[in-house]
Amino acid sequence: MTTLHWKLVIDATDPHAQAAFWGETLGYEVEDNSALIERLLGFGAVPDEAAVDFRGRRAWRDLIAVRHPDDPYEEETGVGLGRRILFQRVPEAKTGKNRLHLDVHSAPGCRDEEVTRLKGLGATVERHVKEPGGEWVIMRDPEGNEFCVH
């Protein structure tokens, strides 16, 4: 038996802002769960407070995901069936170094331009690293999670 699909789950204080940032960063699509949410609200299965308006459509208040645009997804729920990142609301702020991080790879010779683009989306530069094995920039997303740009 093998894994059917996977998702990386990231704790966030503002999952929607994180989904917007990482969707733009990676070229991923923010999942549209509005049909499922509307259906569940219509049945009375979830309270109205479980949903918010995000980019003109209903989204879960405490969860939102981005998915690779080429991967399959369930049309009736909007849930991706491939490479996904799910952002879930947690009450506490980030308090330490990540034990897991993403590496973003830019086109050859375009790292500085990518760093500038990501700064425009809300990331900050932590430091530049130059070692015998390579060179990259350590950045932080809008909630302080570290990631590297190669």
# chains A, B, ... in the order shown; residues from 1 in each chain; ligands from 1
call {"tool": "residues_around", "arguments": {"residues": "stretch 107-115 of chain A", "least_positions_apart": "6", "cutoff": "8 Å", "atoms": "only C-alpha atoms", "output": "list in words"}}
result
Val125, Trp136, Val137, Val149 and His150 of chain A
call {"tool": "select_by_dssp", "arguments": {"residues": "stretch 6-147 of chain A", "states": "strand (DSSP E)", "output": "ChimeraX atom specification"}}
result
/A:6-12,29-30,51-54,57-60,63-67,83-89,102-104,124-131,134-140,146-147
call {"tool": "residues_around", "arguments": {"residues": "A:Lys7", "least_positions_apart": "2", "cutoff": "9 Å", "atoms": "only C-alpha atoms", "output": "ChimeraX atom specification"}}
result
/A:5,9,65,67,80-86
call {"tool": "atom_distance", "arguments": {"atom1": "atom CA of A:Ala19", "atom2": "atom CA of A:Thr2"}}
result
27.9 Å
call {"tool": "residues_around", "arguments": {"residues": "stretch 50-55 of chain A", "least_positions_apart": "5", "cutoff": "8 Å", "atoms": "only C-alpha atoms", "output": "ChimeraX atom specification"}}
result
/A:16,37,60-62
call {"tool": "write_last_selection", "arguments": {"atoms": "C-alpha atoms", "output": "tab-separated table (two decimals), in the first residue's frame"}}
result
chain	number	residue	atom	x	y	z
A	16	HIS	CA	-6.21	33.16	4.97
A	37	ILE	CA	-19.59	25.12	2.82
A	60	TRP	CA	-13.76	27.96	6.38
A	61	ARG	CA	-12.94	30.36	9.21
A	62	ASP	CA	-10.13	28.28	10.66
call {"tool": "closest_residue", "arguments": {"among": "A:Ala123, A:Ala17, A:Ala12, A:Leu26", "to": "A:Pro69", "atoms": "only C-alpha atoms"}}
result
A:Leu26
call {"tool": "residues_around", "arguments": {"residues": "A:Arg57", "least_positions_apart": "6", "cutoff": "9 Å", "atoms": "only C-alpha atoms", "output": "list in words"}}
result
Asp32, Asn33 and Ser34 of chain A
call {"tool": "atom_distance", "arguments": {"atom1": "atom CA of A:Ala35", "atom2": "atom CA of A:Gly78"}}
result
7.8 Å
call {"tool": "select_by_dssp", "arguments": {"residues": "chain A", "states": "alpha helix (DSSP H)", "output": "PyMOL selection string"}}
result
chain A and resi 15-26+34-43+111-120
call {"tool": "closest_residue", "arguments": {"among": "A:Arg58, A:Arg127, A:Lys97, A:His68", "to": "A:Thr25", "atoms": "only C-alpha atoms"}}
result
A:His68
call {"tool": "closest_residue", "arguments": {"among": "A:Glu49, A:Leu100, A:Glu92, A:Val66", "to": "A:Gln18", "atoms": "only C-alpha atoms"}}
result
A:Val66
call {"tool": "closest_residue", "arguments": {"among": "A:His101, A:Gly144, A:Gln88, A:Glu31", "to": "A:Pro72", "atoms": "only C-alpha atoms"}}
result
A:Glu31
call {"tool": "closest_residue", "arguments": {"among": "A:Leu63, A:Leu118, A:Met1, A:Leu102", "to": "A:Phe87", "atoms": "only C-alpha atoms"}}
result
A:Leu63
call {"tool": "atom_distance", "arguments": {"atom1": "atom CA of A:Val90", "atom2": "atom CA of A:Gly42"}}
result
26.9 Å
